[in-house]
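Visitor: The structure file structure_38.txt (compact mmCIF, C-alpha atoms) is provided below.
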# COMPACT_ATOMS: atom_id res chain seq x y z
CA MET P 135 0.00 0.00 0.00
CA ASP P 136 1.02 3.58 -0.49
CA THR P 137 1.94 4.50 3.07
CA LYS P 138 2.98 7.99 2.03
CA ALA P 139 -0.43 8.77 0.56
CA TYR P 140 -2.10 7.28 3.61
CA ILE P 141 0.00 9.38 5.97
CA GLU P 142 -0.79 12.52 3.98
CA SER P 143 -4.51 11.82 3.74
CA GLY P 144 -5.43 13.37 7.09
CA ILE P 145 -6.68 10.10 8.54
CA ILE P 146 -3.92 10.06 11.16
CA GLU P 147 -4.90 13.48 12.49
CA SER P 148 -8.51 12.44 12.38
CA TYR P 149 -7.74 9.32 14.46
CA VAL P 150 -5.63 11.06 17.09
CA LEU P 151 -8.27 13.73 17.62
CA GLY P 152 -10.99 11.07 17.93
CA LEU P 153 -12.78 12.01 14.71
CA ALA P 154 -12.25 8.75 12.79
CA SER P 155 -15.07 6.29 12.19
CA VAL P 156 -14.94 2.85 13.79
CA GLU P 157 -13.83 1.26 10.51
CA GLU P 158 -11.18 3.91 9.85
CA ALA P 159 -9.85 3.53 13.41
CA ALA P 160 -9.66 -0.25 13.16
CA GLU P 161 -7.80 0.01 9.87
CA LEU P 162 -5.33 2.52 11.26
CA GLU P 163 -4.69 0.46 14.39
CA MET P 164 -3.83 -2.46 12.16
CA PHE P 165 -1.45 -0.34 10.06
CA TYR P 166 0.03 1.09 13.25
CA THR P 167 1.36 -2.35 14.18
CA GLN P 168 2.32 -3.28 10.60
CA HIS P 169 4.06 -0.21 9.21
CA ALA P 170 6.76 1.64 11.13
CA ALA P 171 6.25 4.73 8.96
CA ILE P 172 2.60 4.91 9.94
CA LYS P 173 3.36 4.25 13.60
CA ASN P 174 5.89 7.07 13.59
CA ALA P 175 3.47 9.44 11.89
CA VAL P 176 0.76 8.67 14.44
CA ASP P 177 3.12 9.02 17.42
CA GLU P 178 4.53 12.25 16.01
CA PHE P 179 1.12 13.91 15.70
CA ALA P 180 0.06 12.51 19.07
CA LEU P 181 3.10 14.16 20.66
CA MET P 182 2.30 17.45 18.92
CA ILE P 183 -1.20 17.40 20.32
CA GLU P 184 0.11 16.45 23.75
CA ARG P 185 2.59 19.34 23.66
CA THR P 186 -0.15 21.76 22.65
CA ALA P 187 -2.35 20.49 25.47
CA PHE P 188 0.42 20.96 28.03
CA GLU P 189 1.19 24.43 26.71
CA ASN P 190 -2.43 25.35 27.20
CA ALA P 191 -3.04 23.59 30.49
CA VAL P 192 -5.53 25.04 32.93
CA THR P 193 -5.08 24.33 36.62
CA PRO P 194 -8.20 22.82 38.09
CA PRO P 195 -9.54 23.74 41.55
CA ALA P 196 -7.34 22.47 44.37
CA SER P 197 -10.08 20.40 45.97
CA THR P 198 -10.80 18.36 42.87
CA LYS P 199 -7.99 15.87 43.41
CA GLU P 200 -9.15 15.09 46.93
CA THR P 201 -12.71 14.61 45.71
CA ILE P 202 -11.56 12.11 43.13
CA MET P 203 -9.26 10.23 45.55
CA SER P 204 -11.97 9.83 48.18
CA ALA P 205 -14.43 8.62 45.56
CA LEU P 206 -12.00 5.85 44.59
CA ALA P 207 -10.61 5.17 48.11
CA ASP P 208 -11.90 1.58 48.22
CA GLU P 209 -10.26 0.66 44.96
CA PHE P 210 -6.59 1.28 45.77
CA SER P 211 -4.40 -1.69 46.46
CA GLU P 212 -2.06 -0.04 48.99
CA GLY P 213 -2.40 -1.63 52.42
CA ARG P 214 -3.66 -4.74 50.79
CA THR P 215 -1.74 -7.40 48.98
CA VAL P 216 -1.34 -6.41 45.38
CA THR P 217 -4.21 -7.74 43.40
CA PRO P 218 -4.46 -7.56 39.65
CA ILE P 219 -7.54 -6.07 38.08
CA ILE P 220 -10.40 -8.45 38.57
CA PRO P 221 -11.94 -9.37 35.28
CA LEU P 222 -15.61 -8.65 34.73
CA HIS P 223 -16.74 -12.22 35.01
CA THR P 224 -16.58 -13.59 38.52
CA ALA P 225 -18.63 -16.58 37.62
CA VAL P 226 -15.61 -18.85 37.26
CA PRO P 227 -15.24 -19.71 40.97
CA GLU P 228 -18.97 -20.27 41.18
CA THR P 229 -18.78 -22.69 38.34
CA LYS P 230 -15.99 -24.55 40.09
CA VAL P 231 -18.04 -24.83 43.27
CA ARG P 232 -20.99 -25.97 41.27
CA ASN P 233 -18.88 -28.60 39.60
CA PHE P 234 -17.50 -29.71 42.95
CA SER P 235 -21.01 -30.11 44.35
CA ALA P 236 -21.98 -31.96 41.24
CA LEU P 237 -18.97 -34.23 41.80
CA LYS P 238 -20.10 -34.99 45.35
CA TYR P 239 -23.58 -35.67 44.10
CA PHE P 240 -22.29 -38.02 41.45
CA ALA P 241 -20.03 -39.77 43.96
CA ALA P 242 -22.97 -40.32 46.31
CA ALA P 243 -25.13 -41.49 43.46
CA SER P 244 -22.44 -43.94 42.36
CA VAL P 245 -22.18 -45.44 45.84
CA VAL P 246 -25.94 -45.89 45.95
CA LEU P 247 -25.92 -47.47 42.54
CA LEU P 248 -23.09 -49.79 43.57
CA LEU P 249 -25.00 -50.91 46.66
CA ALA P 250 -28.15 -51.45 44.67
CA SER P 251 -26.16 -53.37 42.12
CA THR P 252 -24.60 -55.58 44.78
CA ILE P 253 -27.99 -56.38 46.31
CA LEU P 254 -29.33 -57.18 42.88
CA ASN P 255 -26.36 -59.46 42.32
CA PHE P 256 -27.12 -61.49 45.44
CA TYR P 257 -30.73 -61.85 44.45
CA LEU P 258 -29.87 -62.81 40.90
CA TYR P 259 -27.29 -65.32 42.07
CA ASN P 260 -29.78 -67.02 44.34
CA SER P 261 -32.30 -67.11 41.55
CA TYR P 262 -29.68 -68.62 39.34
CA ARG P 263 -28.88 -71.34 41.85
CA ALA P 264 -32.50 -72.26 42.25
CA ALA P 265 -33.01 -72.33 38.52
CA ASN P 266 -29.88 -74.38 38.06
CA ASN P 267 -31.07 -76.96 40.57
CA LYS P 268 -34.36 -77.29 38.78
CA TYR P 269 -32.46 -77.71 35.59
CA GLU P 270 -30.40 -80.55 37.02
CA VAL P 271 -33.57 -82.26 38.14
CA LEU P 272 -35.08 -81.83 34.73
CA LEU P 273 -32.00 -83.33 33.14
CA VAL P 274 -32.28 -86.44 35.27
CA GLU P 275 -35.95 -86.69 34.47
CA ARG P 276 -35.24 -86.28 30.82
CA ASN P 277 -32.64 -89.01 30.88
CA GLY P 278 -35.09 -91.28 32.58
CA LEU P 279 -37.72 -90.53 30.04
CA GLN P 280 -35.23 -91.09 27.29
CA ALA P 281 -34.42 -94.53 28.70
CA ASN P 282 -38.09 -95.40 28.95
CA ASN P 283 -38.58 -94.21 25.47
CA ASP P 284 -35.83 -96.52 24.25
CA VAL P 285 -37.45 -99.46 25.98
CA PHE P 286 -40.82 -98.74 24.49
CA ARG P 287 -39.33 -98.31 21.08
CA THR P 288 -37.61 -101.67 21.27
CA LYS P 289 -40.79 -103.28 22.48
CA LEU P 290 -42.77 -101.61 19.76
CA ASN P 291 -40.28 -102.71 17.14
CA GLY P 292 -40.53 -106.20 18.45
CA LEU P 293 -44.29 -106.19 18.30
CA GLU P 294 -44.31 -104.62 14.85
CA GLU P 295 -41.89 -107.31 13.72
CA SER P 296 -44.14 -110.00 15.17
CA MET P 297 -47.12 -108.52 13.35
CA ARG P 298 -45.21 -108.59 10.10
CA ILE P 299 -44.32 -112.23 10.60
CA MET P 300 -47.82 -113.19 11.41
CA GLN P 301 -49.20 -111.31 8.40
CA ASN P 302 -46.65 -112.86 6.06
CA PRO P 303 -48.57 -115.10 3.61
CA ASP P 304 -45.64 -117.53 3.55
CA VAL P 305 -45.94 -118.07 7.29
CA LYS P 306 -48.16 -120.97 8.41
CA VAL P 307 -49.93 -120.95 11.78
CA ILE P 308 -50.01 -124.15 13.80
CA THR P 309 -52.27 -124.06 16.82
CA LEU P 310 -50.96 -126.00 19.79
CA ASN P 311 -53.82 -127.12 22.04
CA GLY P 312 -53.56 -128.07 25.68
CA THR P 313 -53.00 -131.74 26.45
CA LYS P 314 -55.02 -133.88 28.85
CA GLY P 315 -55.10 -132.26 32.23
CA LYS P 316 -53.67 -129.04 30.79
CA GLU P 317 -56.53 -128.02 28.59
CA ASN P 318 -56.36 -124.37 29.61
CA ASN P 319 -53.02 -123.93 27.83
CA LEU P 320 -52.92 -122.66 24.33
CA ALA P 321 -50.08 -121.63 22.07
CA ALA P 322 -49.23 -121.18 18.42
CA VAL P 323 -46.28 -121.79 16.18
CA TYR P 324 -45.62 -119.59 13.17
CA TRP P 325 -43.56 -121.44 10.62
CA ASP P 326 -42.18 -119.64 7.56
CA SER P 327 -42.55 -122.12 4.70
CA LYS P 328 -39.81 -120.38 2.73
CA THR P 329 -37.14 -119.60 5.32
CA LYS P 330 -38.12 -122.43 7.67
CA ASP P 331 -37.86 -119.97 10.60
CA VAL P 332 -39.99 -120.97 13.53
CA TYR P 333 -41.71 -118.51 15.86
CA PHE P 334 -43.57 -119.34 19.02
CA LEU P 335 -46.45 -117.45 20.59
CA PRO P 336 -47.42 -118.37 24.18
CA THR P 337 -51.06 -117.44 23.76
CA ARG P 338 -52.11 -118.81 27.15
CA MET P 339 -49.61 -120.82 29.08
CA ASP P 340 -49.32 -121.68 32.74
CA ALA P 341 -46.59 -119.85 34.58
CA THR P 342 -43.47 -121.92 34.99
CA PRO P 343 -41.74 -122.61 38.30
CA SER P 344 -38.47 -120.72 38.66
CA ASP P 345 -36.32 -123.80 38.05
CA LYS P 346 -38.22 -124.98 34.95
CA GLN P 347 -38.65 -123.78 31.43
CA TYR P 348 -40.84 -124.63 28.45
CA GLN P 349 -39.16 -126.25 25.46
CA LEU P 350 -40.44 -126.53 21.91
CA TRP P 351 -40.16 -129.78 19.95
CA ALA P 352 -40.67 -130.44 16.28
CA ILE P 353 -41.92 -133.94 15.58
CA VAL P 354 -40.02 -135.07 12.51
CA ASP P 355 -40.83 -138.57 11.20
CA GLY P 356 -42.07 -139.65 14.62
CA LYS P 357 -38.96 -138.37 16.43
CA PRO P 358 -38.80 -135.20 18.53
CA VAL P 359 -36.30 -132.50 17.42
CA ASP P 360 -35.28 -129.71 19.78
CA ALA P 361 -36.56 -126.36 18.54
CA GLY P 362 -35.29 -124.26 21.45
CA VAL P 363 -36.33 -123.17 24.90
CA ILE P 364 -38.95 -120.49 25.50
CA GLY P 365 -37.62 -117.40 27.18
CA ASP P 366 -39.16 -114.00 27.81
CA CYS P 367 -40.10 -112.78 24.42
CA ASN P 368 -41.35 -109.54 23.16
CA GLY P 369 -44.22 -110.74 21.04
CA LEU P 370 -43.15 -113.87 19.11
CA CYS P 371 -40.28 -115.97 20.32
CA LYS P 372 -37.83 -116.85 17.62
CA MET P 373 -36.97 -120.51 17.76
CA LYS P 374 -34.57 -122.80 15.94
CA ASN P 375 -34.93 -123.26 12.23
CA ILE P 376 -36.87 -126.44 11.44
CA PRO P 377 -36.75 -127.57 7.78
CA ASN P 378 -39.39 -130.25 8.16
CA ALA P 379 -41.91 -131.31 10.76
CA GLN P 380 -45.30 -132.99 11.10
CA ALA P 381 -46.16 -131.62 14.51
CA PHE P 382 -45.00 -129.30 17.29
CA ALA P 383 -45.23 -129.77 21.02
CA ILE P 384 -44.21 -127.94 24.21
CA THR P 385 -42.88 -129.77 27.27
CA LEU P 386 -41.84 -128.43 30.60
CA GLU P 387 -38.17 -129.17 31.23
CA ARG P 388 -35.59 -128.04 33.70
CA LYS P 389 -34.13 -124.64 33.08
CA GLY P 390 -31.87 -124.62 30.08
CA GLY P 391 -33.65 -127.37 28.27
CA SER P 392 -33.19 -131.14 27.79
CA PRO P 393 -31.82 -133.23 24.92
CA THR P 394 -34.92 -135.39 25.00
CA PRO P 395 -38.49 -134.43 25.86
CA THR P 396 -40.18 -135.44 29.07
CA LEU P 397 -43.33 -136.73 27.44
CA SER P 398 -45.24 -136.76 30.71
CA ALA P 399 -44.72 -133.04 30.96
CA MET P 400 -46.23 -132.18 27.59
CA TYR P 401 -48.45 -129.16 27.80
CA VAL P 402 -49.55 -128.35 24.28
CA MET P 403 -49.36 -130.04 20.93
CA GLY P 404 -50.54 -129.48 17.39
CA LYS P 405 -50.32 -131.07 14.04
CA VAL P 406 -49.00 -129.16 11.08
CA MET Z 79 3.12 18.74 44.32
CA PRO Z 80 4.35 16.42 41.65
CA GLU Z 81 6.33 13.47 42.88
CA THR Z 82 10.06 13.72 42.35
CA LEU Z 83 9.89 10.12 41.28
CA LYS Z 84 9.27 9.87 37.57
CA TYR Z 85 7.59 6.95 35.89
CA THR Z 86 8.00 5.91 32.31
CA GLU Z 87 4.74 5.50 30.49
CA PRO Z 88 4.88 1.65 30.52
CA GLU Z 89 5.73 1.65 34.26
CA LEU Z 90 2.87 3.98 35.01
CA ILE Z 91 0.41 1.87 33.07
CA ASP Z 92 1.50 -1.35 34.81
CA LEU Z 93 1.18 0.21 38.26
CA LEU Z 94 -2.22 1.65 37.41
CA LYS Z 95 -3.36 -1.80 36.35
CA LEU Z 96 -2.11 -3.07 39.70
CA ARG Z 97 -4.42 -0.47 41.32
CA GLN Z 98 -1.70 1.50 43.03
CA GLN Z 99 -2.82 4.79 44.52
CA THR Z 100 0.67 6.27 44.21
CA ALA Z 101 0.60 5.77 40.45
CA PHE Z 102 -2.87 7.29 40.14
CA SER Z 103 -1.86 10.28 42.22
CA TYR Z 104 1.14 10.75 39.95
CA LEU Z 105 -1.12 10.54 36.92
CA TYR Z 106 -3.38 13.31 38.26
CA ASP Z 107 -0.50 15.54 39.26
CA ASN Z 108 1.09 15.35 35.83
CA TYR Z 109 -1.86 15.25 33.48
CA ALA Z 110 -4.89 16.84 35.13
CA SER Z 111 -4.10 20.41 34.02
CA ALA Z 112 -3.50 19.45 30.40
CA LEU Z 113 -6.75 17.50 30.31
CA TYR Z 114 -8.60 20.31 32.08
CA GLY Z 115 -7.44 22.69 29.39
CA ILE Z 116 -9.06 20.50 26.76
CA ILE Z 117 -12.24 20.17 28.81
CA VAL Z 118 -12.69 23.93 29.28
CA SER Z 119 -12.17 24.52 25.56
CA ILE Z 120 -15.31 22.50 24.98
CA VAL Z 121 -17.25 23.17 28.21
CA PRO Z 122 -16.50 26.80 29.15
CA ASP Z 123 -18.63 26.80 32.32
CA ARG Z 124 -15.98 26.14 35.00
CA GLU Z 125 -18.29 24.46 37.45
CA LEU Z 126 -19.47 21.98 34.87
CA ALA Z 127 -15.95 21.57 33.52
CA ASN Z 128 -14.83 20.62 37.02
CA ASP Z 129 -17.53 17.97 37.18
CA VAL Z 130 -16.32 16.67 33.84
CA LEU Z 131 -12.71 16.53 35.05
CA GLN Z 132 -13.69 14.40 38.03
CA GLU Z 133 -15.76 12.17 35.84
CA VAL Z 134 -12.84 11.83 33.41
CA PHE Z 135 -10.34 10.71 36.04
CA VAL Z 136 -12.78 8.19 37.48
CA LYS Z 137 -13.32 6.84 33.98
CA ILE Z 138 -9.58 6.64 33.36
CA TRP Z 139 -9.15 4.68 36.60
CA LYS Z 140 -11.97 2.27 35.81
CA GLN Z 141 -11.08 1.74 32.16
CA VAL Z 142 -7.27 1.54 32.37
CA SER Z 143 -7.47 -2.22 31.89
CA THR Z 144 -8.86 -1.59 28.41
CA TYR Z 145 -5.99 0.70 27.41
CA ASP Z 146 -3.98 -0.96 24.69
CA ALA Z 147 -0.49 0.49 24.17
CA SER Z 148 -0.35 -1.01 20.67
CA LYS Z 149 -3.03 1.46 19.59
CA GLY Z 150 -1.39 4.70 20.64
CA ARG Z 151 0.01 6.83 23.42
CA LEU Z 152 -1.52 7.07 26.88
CA PHE Z 153 -2.27 10.78 26.58
CA THR Z 154 -4.14 10.27 23.29
CA TRP Z 155 -6.33 7.76 25.04
CA MET Z 156 -6.97 10.01 28.05
CA MET Z 157 -7.55 13.02 25.84
CA ASN Z 158 -10.26 11.23 23.92
CA ILE Z 159 -11.97 10.21 27.17
CA ALA Z 160 -11.87 13.87 28.21
CA ARG Z 161 -13.22 15.11 24.89
CA ASN Z 162 -16.05 12.56 24.78
CA ALA Z 163 -17.07 13.33 28.37
CA SER Z 164 -17.04 17.03 27.54
CA ILE Z 165 -19.27 16.56 24.50
CA ASP Z 166 -21.62 14.35 26.55
CA MET Z 167 -21.90 17.25 28.96
CA LEU Z 168 -22.74 19.60 26.09
CA ARG Z 169 -25.51 17.28 25.02
CA SER Z 170 -26.88 16.69 28.48
CA LYS Z 171 -30.28 18.16 29.24
CA ASN Z 172 -29.00 20.21 32.14
CA TYR Z 173 -26.47 21.98 30.00
CA GLN Z 174 -28.78 22.66 27.10
CA ARG Z 175 -31.34 24.11 29.44
CA SER Z 176 -28.79 26.49 30.94
CA GLN Z 177 -27.54 27.49 27.51
CA GLN Z 178 -31.01 28.29 26.24
CA ASN Z 179 -31.25 30.85 28.97
CA ARG Z 180 -28.18 32.55 27.58
CA GLU Z 181 -29.19 32.38 23.92
CA LEU Z 182 -25.64 31.88 22.98
CA THR Z 183 -26.12 29.20 20.35
CA GLU Z 184 -25.51 31.62 17.49
CA THR Z 185 -22.51 33.15 19.22
CA VAL Z 186 -21.00 29.74 19.81
CA TYR Z 187 -21.60 28.88 16.20
CA GLU Z 188 -19.90 32.00 14.95
CA LYS Z 189 -17.18 32.65 17.43
CA GLY Z 190 -16.44 29.09 18.33
CA GLY Z 191 -16.54 29.32 22.10
CA SER Z 192 -18.49 30.69 24.99
CA THR Z 193 -18.07 34.46 25.45
CA SER Z 194 -19.75 34.43 28.83
CA THR Z 195 -16.61 33.57 30.71
CA ASN Z 196 -14.36 35.73 28.48
CA VAL Z 197 -11.78 33.05 28.31
CA GLU Z 198 -9.07 33.80 25.83
CA GLN Z 199 -9.08 31.33 23.03
CA ILE Z 200 -6.29 28.99 23.80
CA GLY Z 201 -4.66 25.92 22.60
CA LEU Z 202 -6.21 23.95 19.86
CA ARG Z 203 -9.17 26.30 19.55
CA LYS Z 204 -6.92 29.24 18.92
CA LEU Z 205 -5.22 27.33 16.14
CA VAL Z 206 -8.50 26.21 14.64
CA ASN Z 207 -9.82 29.79 14.65
CA SER Z 208 -6.87 30.90 12.56
CA LEU Z 209 -7.84 28.56 9.71
CA LYS Z 210 -9.80 29.62 6.68
CA GLU Z 211 -13.51 29.84 7.52
CA ASP Z 212 -14.55 26.84 5.40
CA TYR Z 213 -12.17 24.67 7.37
CA ARG Z 214 -12.61 26.36 10.72
CA ILE Z 215 -16.33 25.74 10.77
CA LEU Z 216 -15.91 22.01 10.09
CA LEU Z 217 -13.38 21.49 12.87
CA GLU Z 218 -15.43 23.63 15.19
CA LEU Z 219 -18.51 21.51 14.66
CA ALA Z 220 -16.76 18.14 14.51
CA TYR Z 221 -14.15 18.48 17.23
CA PHE Z 222 -15.45 21.04 19.69
CA GLU Z 223 -19.14 20.35 19.36
CA GLY Z 224 -18.97 16.63 18.62
CA LEU Z 225 -21.33 16.63 15.65
CA THR Z 226 -21.16 13.62 13.34
CA GLN Z 227 -20.32 14.20 9.69
CA ASP Z 228 -23.91 13.35 8.89
CA GLU Z 229 -25.18 16.03 11.27
CA ILE Z 230 -22.73 18.58 9.84
CA SER Z 231 -23.79 17.72 6.30
CA LYS Z 232 -27.42 18.47 7.19
CA MET Z 233 -26.64 21.60 9.18
CA LEU Z 234 -24.50 23.21 6.49
CA ASN Z 235 -26.54 21.75 3.68
CA MET Z 236 -23.38 20.25 2.28
CA PRO Z 237 -22.93 16.81 0.62
CA LEU Z 238 -21.53 14.21 3.00
CA GLY Z 239 -18.57 13.47 0.73
CA THR Z 240 -17.59 17.14 0.71
CA VAL Z 241 -17.77 17.25 4.49
CA LYS Z 242 -15.48 14.28 4.74
CA THR Z 243 -12.78 15.47 2.33
CA ARG Z 244 -12.87 19.05 3.56
CA LEU Z 245 -12.52 17.90 7.14
CA ARG Z 246 -9.43 15.91 6.20
CA THR Z 247 -7.90 18.92 4.54
CA ALA Z 248 -8.70 21.03 7.58
CA LEU Z 249 -6.84 18.58 9.80
CA ILE Z 250 -3.80 18.58 7.55
CA GLN Z 251 -3.73 22.35 7.68
CA LEU Z 252 -4.10 22.26 11.44
CA ARG Z 253 -1.09 20.02 11.66
CA GLU Z 254 0.91 22.41 9.53
CA LEU Z 255 0.03 25.22 11.95
CA MET Z 256 1.13 23.12 14.90
CA LYS Z 257 4.52 22.46 13.39
CA LYS Z 258 5.40 26.12 13.66
Can the structure from this file be put into C-alpha cells for me?
Guide:
Amino acid sequence: MDTKAYIESGIIESYVLGLASVEEAAELEMFYTQHAAIKNAVDEFALMIERTAFENAVTPPASTKETIMSALADEFSEGRTVTPIIPLHTAVPETKVRNFSALKYFAAASVVLLLASTILNFYLYNSYRAANNKYEVLLVERNGLQANNDVFRTKLNGLEESMRIMQNPDVKVITLNGTKGKENNLAAVYWDSKTKDVYFLPTRMDATPSDKQYQLWAIVDGKPVDAGVIGDCNGLCKMKNIPNAQAFAITLERKGGSPTPTLSAMYVMGKV
Amino acid sequence: MPETLKYTEPELIDLLKLRQQTAFSYLYDNYASALYGIIVSIVPDRELANDVLQEVFVKIWKQVSTYDASKGRLFTWMMNIARNASIDMLRSKNYQRSQQNRELTETVYEKGGSTSTNVEQIGLRKLVNSLKEDYRILLELAYFEGLTQDEISKMLNMPLGTVKTRLRTALIQLRELMKK
C-alpha cells in the first residue's frame, strides 16, 4: 500500500483527535502495528497534540484531586496485597463450586448405585442357583424318560416285527392245544414255509416254576427235534430253524432245556 | 506537588493496572491540568468543567485495563476520554437548558466558544480559529461540538462526501500550523 499517501490523507490526524469512524480507526490500528512509517506518523502527531495540550493547560480547583481520591478510596491496592484487576466475570469460581457439588452428588449417586447393584447381584445369584437346581432335576428326568422311550421303542419294534411275521402269507400258523389235564393252555407256532424260521407265541400258558422252562419240539418222522427253549419274548419268540416237521409240542423241562423231551410233561401239541 | 519520582509510560500503566494509589496520584498531578485545558475549551462553564474533570479521572481509573499500548500513546487515550465526556456534557439536558437561557447558540456557532466567561481562546481552539472559515467551521462543529459528519452535512446543507474530504484537509492544515 502507499503508506505515504495514507499518511498525507489526514486520517492520522482524524484518528488522534478522535474524529475517525470505527472502521477507519480499526484500519489505522492495524497499520500502526504493521508499518513503522505509519506508527511514527501517528506518534509524532500525538506528541504534537500532547505538547499543545500541556502548553495550554488550565489548573483545576485544588479540591478536585481530593474529591476524586476519596471517591475511589476503596479501589486502591495499597495496604492490601497487590491484586491484579479483577476481570468482569466472577462466575468462574462459582462454576468450580458448582462442579465440585456436582462431583459430590455423582459420587454419592455412584455409591448408591453400587450398593443397589450388589444387592441385585445377590438376588440374581440365588435365583440362578434355584433355577440351576431345577435344571439338574429336569436333566435327570429327561434321561429317565429317554431310557423309557428306548425301551418302548424296542418293544414296539418287536411287536411290529411280530405282526409282520404273522401277516406274512408264507408263514403258516399251527395251533398248539392243551393236552389232557392241561386243557387251559394254548399256544401257536408260526412257521415260515420259505425260510423255515420258527416262531412261538405263548397265547395262554401256565406260569413256569423258577427252576423250569418250556421247550419246543418239532416232531419229525415220529422223532422229537429240539426247537429251542422259550424265554421271555417280546411278542413272538424266535426258535430254531426247522426244515421239516409234522407236529410241534411244548414240554416243561428243567431250566436250560433237555436233549430229550419229558413226554409226561407235555403241555400243548398241534399237528401241522 | 508532583512526585520527584518519575515513571515511564509503561511503568505507570502497569502500576495503574495493579491499582496502586501512588501511580494514580502521579497521573493526576502530571496530566490533570492538560486534560482540564481541553475540557474547558469544549465546556466553558468552569463548574461543569470541574464535574467533567472528576468524571474523566474516574473513567480513566476504571477503564485503564482496556488501554492498549499497541493502539497509541496514553495521553491520546486520556484526551479522547476527556473530549467525549465534555461533548456528553454539552448534550446533556441540564447543560442545554442552561444554555437556552443565555441564547448563545448563534454566538458559539460563529465565534467558536463561549463568550460568557471571556476566556481567551487557547490551545487547539486558537489554532483552529486561525484557519480559513470553510475549514474552521468544520473542525469547530466536529471536534469542539462533537457533531457527526452526517449532522454537519445536514446543518450546512453540504454533501456528505464534501464534508469528509474538507474535514481531512482542515486537519492537515491544522497540523501544519502546529509544526510552527
Visitor: Contacts between chain P and chain Z, please, where a residue of chain Z counts if it comes within 8 Å (with all atoms listed in the file); show its shortest atom pair and distance in Å to one decimal, rows by chain and ascending number, as a Markdown table.
Guide:
| residue | atom | partner | partner_atom | distance |
| --- | --- | --- | --- | --- |
| Z:Lys95 | CA | P:Ile219 | CA | 6.2 |
| Z:Leu96 | CA | P:Pro218 | CA | 5.1 |
| Z:Arg97 | CA | P:Phe210 | CA | 5.3 |
| Z:Gln98 | CA | P:Ser211 | CA | 5.4 |
| Z:Gln99 | CA | P:Phe210 | CA | 5.3 |
| Z:Tyr106 | CA | P:Lys199 | CA | 7.4 |
| Z:Ala110 | CA | P:Pro194 | CA | 7.4 |
| Z:Ser111 | CA | P:Thr193 | CA | 4.8 |
| Z:Ala112 | CA | P:Ala191 | CA | 4.2 |
| Z:Leu113 | CA | P:Ala191 | CA | 7.1 |
| Z:Tyr114 | CA | P:Val192 | CA | 5.7 |
| Z:Gly115 | CA | P:Ala191 | CA | 4.6 |
| Z:Ile116 | CA | P:Ala187 | CA | 6.8 |
| Z:Asn128 | CA | P:Pro194 | CA | 7.1 |
| Z:Gln132 | CA | P:Ile202 | CA | 6.0 |
| Z:Phe135 | CA | P:Ile202 | CA | 7.3 |
| Z:Val136 | CA | P:Ile202 | CA | 7.0 |
| Z:Ser143 | CA | P:Ile219 | CA | 7.3 |
| Z:Ser148 | CA | P:Thr167 | CA | 6.8 |
| Z:Lys149 | CA | P:Glu163 | CA | 5.5 |
| Z:Gly150 | CA | P:Asp177 | CA | 7.0 |
| Z:Arg151 | CA | P:Asp177 | CA | 7.1 |
| Z:Phe153 | CA | P:Glu184 | CA | 6.8 |
| Z:Thr154 | CA | P:Ala180 | CA | 6.4 |
| Z:Asn158 | CA | P:Gly152 | CA | 6.0 |
| Z:Ile200 | CA | P:Asn190 | CA | 6.3 |
| Z:Gly201 | CA | P:Asn190 | CA | 5.1 |
| Z:Leu202 | CA | P:Thr186 | CA | 7.0 |
| Z:Ala220 | CA | P:Leu153 | CA | 7.3 |
| Z:Tyr221 | CA | P:Leu153 | CA | 7.1 |
| Z:Arg246 | CA | P:Gly144 | CA | 4.8 |
| Z:Thr247 | CA | P:Gly144 | CA | 6.6 |
| Z:Leu249 | CA | P:Gly144 | CA | 6.0 |
| Z:Ile250 | CA | P:Gly144 | CA | 5.5 |
| Z:Arg253 | CA | P:Glu147 | CA | 7.6 |
| Z:Met256 | CA | P:Met182 | CA | 7.0 |
| Z:Lys257 | CA | P:Met182 | CA | 7.8 |
Visitor: Using Å and a single decimal, report how far CA of Ala281 in chain P sits from CA of Tyr333 in chain P.
Guide: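 Spanning CA of Tyr333 in chain P to CA of Ala281 in chain P is a straight-line distance of 28.2 Å.
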Visitor: Record the distance separating CA of Thr385 in chain P and CA of Ser398 in chain P, expressed in Å with one decimal.
Guide: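 Going from CA of Thr385 in chain P over to CA of Ser398 in chain P, I get 8.1 Å.
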Visitor: For range 223-225 of chain Z, find every residue with an atom within 8 Å (counting all atoms listed in the file), except residues of its own chain fewer than 5 positions away, and show them as an NGL selection string.
Guide: :Z and (120 or 162 or 165 or 168 or 218 or 230)
Visitor: Would you mind exporting C-alpha atoms of the selected residues as a PDB file, keeping the file's coordinate frame?
Guide:
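Wrote again.pdb, looks like this:
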ATOM      1  CA  ILE Z 120     -15.310  22.500  24.980  1.00  0.00           C
ATOM      2  CA  ASN Z 162     -16.050  12.560  24.780  1.00  0.00           C
ATOM      3  CA  ILE Z 165     -19.270  16.560  24.500  1.00  0.00           C
ATOM      4  CA  LEU Z 168     -22.740  19.600  26.090  1.00  0.00           C
ATOM      5  CA  GLU Z 218     -15.430  23.630  15.190  1.00  0.00           C
ATOM      6  CA  ILE Z 230     -22.730  18.580   9.840  1.00  0.00           C
TER       7      ILE Z 230
END
Visitor: Give me, please, the distance in Å between CA of Tyr269 in chain P and CA of Ile253 in chain P, quoted to one decimal.
Guide: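 Separation between CA of Tyr269 in chain P and CA of Ile253 in chain P: 24.3 Å.
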Visitor: The centre and edge lengths of an axis-aligned box containing all atoms of range 234-245 of chain Z present in the file, extended by 4 Å on each side, are to be given in Å to one decimal, as JSON.
Guide:
{"center_x": -19.5, "center_y": 18.3, "center_z": 3.9, "size_x": 22.0, "size_y": 17.7, "size_z": 14.5}
Visitor: Name the closest residue to Val323 in chain P among the candidates P:Arg298, P:Lys357, P:Lys372, P:Arg388; distances are taken between atoms, counting all atoms listed in the file.
Guide: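 Once distances to Val323 in chain P are computed over all atoms listed in the file, the minimum belongs to P:Lys372.
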Visitor: Pick the closest to Ala341 in chain P from P:Met373, P:Leu386, P:Met300, P:Ile141: which is it, counting only C-alpha atoms?
Guide: P:Leu386
Visitor: Just want the 6 Å neighbourhood of Ile353 in chain P, counted on all atoms listed in the file, with same-chain residues fewer than 2 positions away dropped. Output as a ChimeraX atom specification.
Guide: /P:356-358,379-382
Visitor: Point out the residue among Z:Asp107, Z:Ser164, Z:Glu87, Z:Phe222 with the least atom-to-atom distance to Lys204 in chain Z, counting all atoms listed in the file.
Guide: Z:Phe222
